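S.K.: My structure is below; once you've seen it, I'll send some questions.
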2 protein chains.
Amino acid sequence: MHQLHHILIVDDARDIREPLAQYLKKNGFRATMAANAKEARQHLKETKFELVILDIMMPGEDGLQLCQWVSNNDGPPVILLTAVADDVSKVVGLEIGAEDYLTKPFNPRELLARIKIILRRFPKQDDTITPIQRKFAGMLHDPLHHKITRDNGTELELTTGESRLLSVLLDNPFKILDRSKLLDLVAGREPKAYDRAIDNTVSRLRKKIERDPKSPELIVTKWGGGYMLACDVETLL
Amino acid sequence: MHQLHHILIVDDARDIREPLAQYLKKNGFRATMAANAKEARQHLKETKFELVILDIMMPGEDGLQLCQWVSNNDGPPVILLTAVADDVSKVVGLEIGAEDYLTKPFNPRELLARIKIILRRFPKQDDTITPIQRKFAGMLHDPLHHKITRDNGTELELTTGESRLLSVLLDNPFKILDRSKLLDLVAGREPKAYDRAIDNTVSRLRKKIERDPKSPELIVTKWGGGYMLACDVETLL
DNA sequence: TTAACATTGATACAATTTGCGACAATTAAT
DNA sequence: ATTAATTGTCGCAAATTGTATCAATGTTAA
């Protein structure tokens with residue numbers, strides 16, 4: 001199964017936002033919604049998106065500002081939605097870093113076509129593995145071959161999922177990561193109801209790397225919050 | 001005996017056209033130049049090309065018209081060159097039948113990469129192969145004769161399928177390629193239900209190039225994701 | 001403190017995905 | 001047309017991941 005493209009929808013109008021997300025999901029995308037620019041920034045910081053669909057007419061921070069911010073920060077391509085056929089806005093929008101625009105009301109199929117064209121132009125940075133090895137707690141993690149070498153030389157095989165989880169934890173030492181975020185970063189999907197998949201992966205990884213899996217010292221549980229890696233991490237060149 | 005891919009370059013600017021032809025020839029292609037749309041039509045009638053690189057901003061007949069004509073007449077795939085980052089033109093260009101586009105100034109290596117991708121997508125020609133030799137993990141891959149020469153001098157015969165798979169992997173080191181994409185790039189077809197053809201080719205290639213095929217180090221499995229080449233690749237001129 | 005509740009850990013099991021040998025189908029060579 | 005080589009399909013075992021369940025543990029309210 002291959003990763004779905006993840007699209008962020010930013011629109012204050014729920015009757016646009018939600019049907020649109022539904023439609024995109026039906027057509028093979030992963031969609032996340034934000035009701036305003038602030039929410040959008042939050043999502044963009046936490047998660048990786050391949051495309052942003054952005055209504056420029058929003059209360060509070062203007063959509064155009066957000067668009068500019070996204071493109072200035074090397075973010076994903078942006079499709080603008082405008083409520084009126086305002087030619088000035090269109091031009092400004094494209095000059096501000098947007099890849100395309102649509103005027104509401106729009107044809108969903110046309111939006112779909114434009115999305116596909118743009119995604120083709122911005123080939124998804126497929127899961128490129130950073131071949132970077134890191135040391136932690138007397139162990140060396142090799143994310144390429146998903147295995148660990150201890151200081152005493154013994155080797156330890158990880159599964160793909162365990163290795164990805166470890167990579168995420170090593171990216172965020174001493175930071176509490178909740179299950180939803182971990183699931184996103186490790187498996188690239190959103191949690192379903194009562195989703196305990198991550199707990200399992202944590203448990204399995206603990207069994208392999210903890211000195212005493214019964215009382216974990218590296219991957220500690222933050223009750224009600226998530227998990228945290230509690231050790232220093234050294235990145236090797 | 002093999003045949004080089006024949007590429008037609010259409011650009012009125014000599015300082016683009018000629019270095020580009022030179023560069024392509026250096027990299028194992030056959031290149032022909034045209035300074036305008038009329039010349040291009042002439043060439044296209046007389047000779048068979050596997051690819052056209054076309055500047056859309058040209059005097060006289062517009063490049064877009066030529067592009068349309070080529071794709072309408074079941075001609076070779078087209079890569080558009082645009083002088084400015086004109087987003088509208090881009091969209092129109094792709095809708096008009098172009099396979100890809102680049103904005104000038106472009107990175108020659110990026111163009112090369114895109115050329116190879118497109119040529120793989122159009123494998124209808126008989127025996128044409130991107131003739132690029134690359135070194136990896138102490139081995140030299142020769143896609144023309146689909147064989148491998150190890151640093152110690154011993155040689156290794158591959159089947160054409162194995163060689164194509166290796167080429168695709170060498171194109172994307174450290175990237176996870178899912179089965180669908182691999183099948184597309186290697187065999188040029190869509191996967192049918194429960195299609196395991198790629199798994200087999202991977203298995204067969206592993207037996208030939210892995211030190212220990214039981215625990216692969218070069219072609220790594222990413223569970224639920226696909227396969228990945230986990231070694232550096234050096235392209236030889 | 002204890003009772004009630006929510007969250008987490010551990011185990012078993014189910015579902016999915018992969019490795020690979022065997023064989024069939026296809027393609028190329030003679 | 002026969003034969004050989006290559007590629008695709010099938011099937012089963014192994015590996016990996018997800019789900020269900022219950023025990024253990026933390027939290028909150030009386």
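Residue names in the structure tokens use chain letters A, B, ... in the order shown, residue numbers from 1 in each chain, and ligand numbers from 1 in the order shown.
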Compile the residues of chain B that lie within 9 Å of chain C, evaluated using only C-alpha atoms (C1' of nucleotides), and express the compilation as a PyMOL selection string.
M.R.: chain B and resi 199-200+203+221+223-224
S.K.: Can you list, as a ChimeraX atom specification, every protein, DNA or RNA residue that comes within 9 Å of region 139-156 of chain A when you count only C-alpha atoms (C1' of nucleotides), leaving out same-chain residues fewer than 6 positions away?
M.R.: /A:129-133,162-164,166-167,208-209 /B:174,216-218,220-221,228,230-231
S.K.: Please check the contacts: residues of chain D at most 9 Å away from chain B, using only C-alpha atoms (C1' of nucleotides), listed as a list in words.
M.R.: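 Taken together, these residues fit the definition: DT6, DT7, DG8, DT9 and DT16 of chain D.
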S.K.: If we count only C-alpha atoms (C1' of nucleotides) and set the cut-off at 8 Å, which residues sit around Tyr227 (chain B), ignoring sequence neighbours fewer than 2 positions away in its own chain? Please answer as a PyMOL selection string.
M.R.: chain B and resi 176-179+219-222+225+229
S.K.: Mind listing the strand (DSSP E or B) residues of region 91-229 of chain A, per DSSP on the backbone, as a PyMOL selection string?
M.R.: chain A and resi 100-103+128+134-136+139-142+147-150+155-157+173+176-177+219-222+226-229
S.K.: Using the chain letters and numbers from this document, which residues of region 29-108 of chain A does DSSP assign to alpha helix (DSSP H), as a PyMOL selection string?
M.R.: chain A and resi 37-46+63-72+87-95+108
S.K.: Pairing the C-alpha atoms in order and superposing chain A on chain B, what is the resulting RMSD?
M.R.: 15.2 Å
